[in-house]
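Notes follow the structure.
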Amino acid sequence: MSGDRPDAAIHTRGLRRVYGDAVAVHGLDLTVAEGESFGFLGPNGAGKSTTIGMLSTLLRPSAGQAAVAGIDVARRPDEVRRRIGVVFQDPTADRELTGWQNLSFHARLYGMSRRDVHAQARVLLEMVGLADRGDAPVGTYSGGMRRRLEVARALMHRPRVLFLDEPTTGLDPQSRAQVWQKLHELGRQDGVTVFLTTHYLEEAEHCDRIAVMDHGRLVAQGTPHELKSAIGADVVRLRTGDDREAAKAIRERFGLDAEVGPDGVRVRTADGARWVPRLCAQLTSGVTSVTVTRPSLDDVFLHHTGRSMRDS
Ligand SMILES: Nc1ncnc2c1ncn2[C@@H]1O[C@H](COP(=O)(O)OP(=O)(O)OP(=O)(O)O)[C@@H](O)[C@H]1O
């Protein structure tokens with residue numbers, strides 16, 4: 001493809017997908033380096049699953065190009081499939097089979113030898129913390145265990161790129177942390193590229209780089225630190241006797257953008273700590289609490305999409 005990047009794990013140019021008259025992904029240009037963990041964020045309907053579908057060869061692009069592990073997804077989909085692993089939003093492990101059988105069945109589809117399957121399953125069950133549960137039916141696993149098994153299964157044929165669509169949705173915080181730690185090790189130790197969508201802030205924080213998508217377009221990309229710094233200002237959150245009235249007063253008297261949300265009034269301003277005393281002196285609607293923080297990824301998300309990550 002033009003502007004080739006054979007060393008990149010994922011490289012797209014003008015990647016586009018339409019459903020009838022609706023454009024789900026508009027000309028996406030994205031490059032993800034080998035071994036990178038890349039978080040793909042965006043509100044519902046932004047086009048994340050459609051993009052993963054195209055990159056994992058399940059959906060044909062309507063236009064543009066994409067290469068995964070240096071191979072064009074439209075021209076050589078079979079070769080791409082051998083080099084990728086996919087963990088879908090909904091659980092797909094067979095509950096009747098044991099963990100071990102799930103891994104083995106998957107690997108045999110990829111033509112792996114019995115011996116190789118055995119060795120690889122042992123390593124991966126160990127890696128995802130299921131070594132002592134491999135012989136139990138998946139129906140007896142907790143949600144977190146099932147998810148970790150699915151990660152192991154996606155890795156059986158030693159893919160170079162792992163795609164995960166909402167890998168930890170519905171898991172408790174402890175299971176989420178466990179799954180995430182395993183994913184992180186993969187990149188660090190084995191150079192596997194991890195490309196994931198998530199609605200969880202802490203998961204996004206762990207990524208080497210992040211892209212934010214909205215209405216089928218990339219609206220921001222960079223490291224979590226770069227994206228937060230680019231917002232440039234402190235975030236002041238206030239609770240007042242009347243949040244709407246306070247937001248109105250802030251807009252009028254200070255010319256600042258004040259948003260009212262479930263956690264009170266949110267204002268972005270340079271040097272928030274110095275501004276707060278001036279604010280308190282001017283507001284008549286009684287300030288009950290104030291916090292000043294550096295921008296979070298949720299602030300980045302809100303800035304670029306107009307929505308909070310938690311709400312989406
Ligand atoms: N099979 C389909 N037929 C028609 N429209 C579709 C289809 N799949 C997705 N869409 C539309 O394409 C757009 C992008 O959807 P997509 O599922 O890729 O978004 P998403 O960012 O993954 O959302 P979510 O976070 O809800 O999974 C949406 O407007 C959606 O309604």
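Every chain in the structure tokens has a letter given in the order shown (A, B, ...), and although residue numbers restart at 1 in each chain, ligands are simply numbered from 1 in the order shown.
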> Could you pull the residues within 10 Å of Arg146 of chain A, counting only C-alpha atoms, minus those fewer than 3 positions along the same chain, as a list in words?
Replying inline: Pro91, Thr92, Ala93, Asp94, Arg95, Gly99, Leu130, Val138, Gly139, Thr140, Tyr141, Ser142, Gly143, Leu149, Glu150, Val151 and Ala152 of chain A
With N, CA and C atoms kept, could you save the residues just selected as a compact mmCIF listing (two decimals), in the first residue's frame?
```
# COMPACT_ATOMS: atom_id res chain seq x y z
N PRO A 91 -18.80 -13.11 25.47
CA PRO A 91 -18.03 -14.34 25.71
C PRO A 91 -18.33 -15.39 24.65
N THR A 92 -17.30 -16.08 24.20
CA THR A 92 -17.50 -17.08 23.15
C THR A 92 -16.94 -18.45 23.53
N ALA A 93 -16.33 -18.58 24.73
CA ALA A 93 -15.78 -19.88 25.12
C ALA A 93 -16.93 -20.88 25.32
N ASP A 94 -16.72 -22.11 24.92
CA ASP A 94 -17.74 -23.15 25.04
C ASP A 94 -17.81 -23.62 26.50
N ARG A 95 -18.98 -23.42 27.10
CA ARG A 95 -19.12 -23.69 28.55
C ARG A 95 -19.11 -25.18 28.88
N GLY A 99 -11.45 -25.80 30.06
CA GLY A 99 -10.58 -24.73 29.59
C GLY A 99 -9.56 -25.28 28.61
N LEU A 130 -4.68 -19.86 35.32
CA LEU A 130 -5.71 -20.91 35.33
C LEU A 130 -5.11 -22.31 35.28
N VAL A 138 -15.76 -24.92 31.53
CA VAL A 138 -15.78 -23.45 31.56
C VAL A 138 -17.05 -22.94 32.25
N GLY A 139 -18.12 -23.75 32.20
CA GLY A 139 -19.37 -23.38 32.88
C GLY A 139 -19.19 -23.16 34.37
N THR A 140 -18.11 -23.71 34.94
CA THR A 140 -17.88 -23.54 36.38
C THR A 140 -16.96 -22.34 36.67
N TYR A 141 -16.51 -21.65 35.63
CA TYR A 141 -15.59 -20.50 35.82
C TYR A 141 -16.36 -19.24 36.22
N SER A 142 -15.68 -18.33 36.90
CA SER A 142 -16.24 -16.99 37.12
C SER A 142 -16.07 -16.19 35.83
N GLY A 143 -16.72 -15.01 35.77
CA GLY A 143 -16.61 -14.17 34.58
C GLY A 143 -15.16 -13.80 34.27
N LEU A 149 -9.39 -16.93 30.10
CA LEU A 149 -9.26 -18.09 29.21
C LEU A 149 -9.37 -17.64 27.75
N GLU A 150 -10.26 -16.68 27.50
CA GLU A 150 -10.43 -16.21 26.12
C GLU A 150 -9.18 -15.50 25.62
N VAL A 151 -8.52 -14.79 26.53
CA VAL A 151 -7.24 -14.15 26.15
C VAL A 151 -6.23 -15.25 25.80
N ALA A 152 -6.17 -16.29 26.65
CA ALA A 152 -5.23 -17.40 26.40
C ALA A 152 -5.55 -18.05 25.06
```
>> Which residues are near ligand 1 - at most 10 Å, using only C-alpha atoms and all ligand atoms? Format: as an MDAnalysis selection string.
In response: chainID A and resid 17:25 40:54 59 89 165:166 197:199 213:216 312
Emit the selected residues as a short mmCIF file (atom, residue, chain, number, x, y, z; two decimals), in the first residue's frame, including C-alpha atoms.
```
data_model
loop_
_atom_site.label_atom_id
_atom_site.label_comp_id
_atom_site.auth_asym_id
_atom_site.auth_seq_id
_atom_site.Cartn_x
_atom_site.Cartn_y
_atom_site.Cartn_z
CA ARG A 17 -16.73 1.67 6.07
CA VAL A 18 -20.31 2.46 5.17
CA TYR A 19 -23.51 0.62 6.07
CA GLY A 20 -26.02 1.59 3.36
CA ASP A 21 -26.07 5.40 3.42
CA ALA A 22 -24.49 5.69 6.87
CA VAL A 23 -20.75 6.21 7.19
CA ALA A 24 -19.50 4.32 10.27
CA VAL A 25 -15.76 5.02 9.74
CA PHE A 40 -9.16 2.86 21.11
CA LEU A 41 -11.74 5.02 22.86
CA GLY A 42 -14.97 6.66 21.84
CA PRO A 43 -18.63 7.00 22.77
CA ASN A 44 -21.17 4.34 21.71
CA GLY A 45 -21.51 4.20 17.96
CA ALA A 46 -18.19 6.01 17.32
CA GLY A 47 -17.03 3.24 14.97
CA LYS A 48 -14.64 1.29 17.20
CA SER A 49 -16.09 -2.20 16.63
CA THR A 50 -16.39 -1.51 12.91
CA THR A 51 -12.69 -0.58 12.81
CA ILE A 52 -11.70 -3.71 14.74
CA GLY A 53 -13.93 -5.71 12.39
CA MET A 54 -12.03 -4.39 9.35
CA LEU A 59 -15.63 -6.78 7.72
CA GLN A 89 -17.18 -8.20 23.35
CA ASP A 165 -13.18 -5.41 22.12
CA GLU A 166 -14.10 -4.32 25.66
CA THR A 197 -11.42 -0.75 23.05
CA THR A 198 -12.50 0.16 26.54
CA HIS A 199 -14.87 2.32 28.52
CA MET A 213 -12.82 8.40 17.95
CA ASP A 214 -16.12 10.23 17.57
CA HIS A 215 -18.71 9.93 14.80
CA GLY A 216 -16.37 7.71 12.78
CA SER A 312 -20.71 6.29 27.31
#
```
> Do you know which residues are at most 8 Å from Arg82 of chain A counting only C-alpha atoms, after dropping those on the same chain fewer than 6 positions away, and could you put them as a PyMOL selection string?
Replying inline: chain A and resi 110+157+159
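In this structure, atom CA of Val265 of chain A sits 24.0 Å away from atom CA of Val212 of chain A.
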> For the atom pair atom CA of Ala63 of chain A and atom CA of Thr31 of chain A, what is the interatomic distance in Å to one decimal place?
Replying inline: 17.2 Å
> Which residues come within 7 Å of Arg160 of chain A, counting only C-alpha atoms, excluding same-chain residues fewer than 5 positions away, as a PyMOL selection string?
Replying inline: chain A and resi 69+83-84+192-193
> Just asking: which residues within segment 156-192 of chain A are strand (DSSP E or B) according to DSSP, as an NGL selection string?
Replying inline: :A and (161-165)
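Our summary of the geometry notes that atom CA of Trp100 of chain A is positioned 17.2 Å from atom CA of Val87 of chain A.
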>> According to DSSP computed on the backbone, where in segment 61-191 of chain A is there alpha helix (DSSP H)? Give the residues as an MDAnalysis selection string.
In response: chainID A and resid 77:83 99:109 114:127 143:155 173:190
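Distances from A:Ala33, A:Val80, A:Val292, A:Leu201 to Ala9 of chain A were compared using only C-alpha atoms, and the smallest one belongs to A:Ala33.
Closest to Glu34 of chain A among A:Arg251, A:Arg115, A:His11, A:His304 is A:His11, based on only C-alpha atoms.
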> Nearest to Thr284 of chain A among A:Arg266, A:Lys248, A:Arg158, A:Arg209, with distances taken over only C-alpha atoms: which residue is it?
Replying inline: A:Lys248
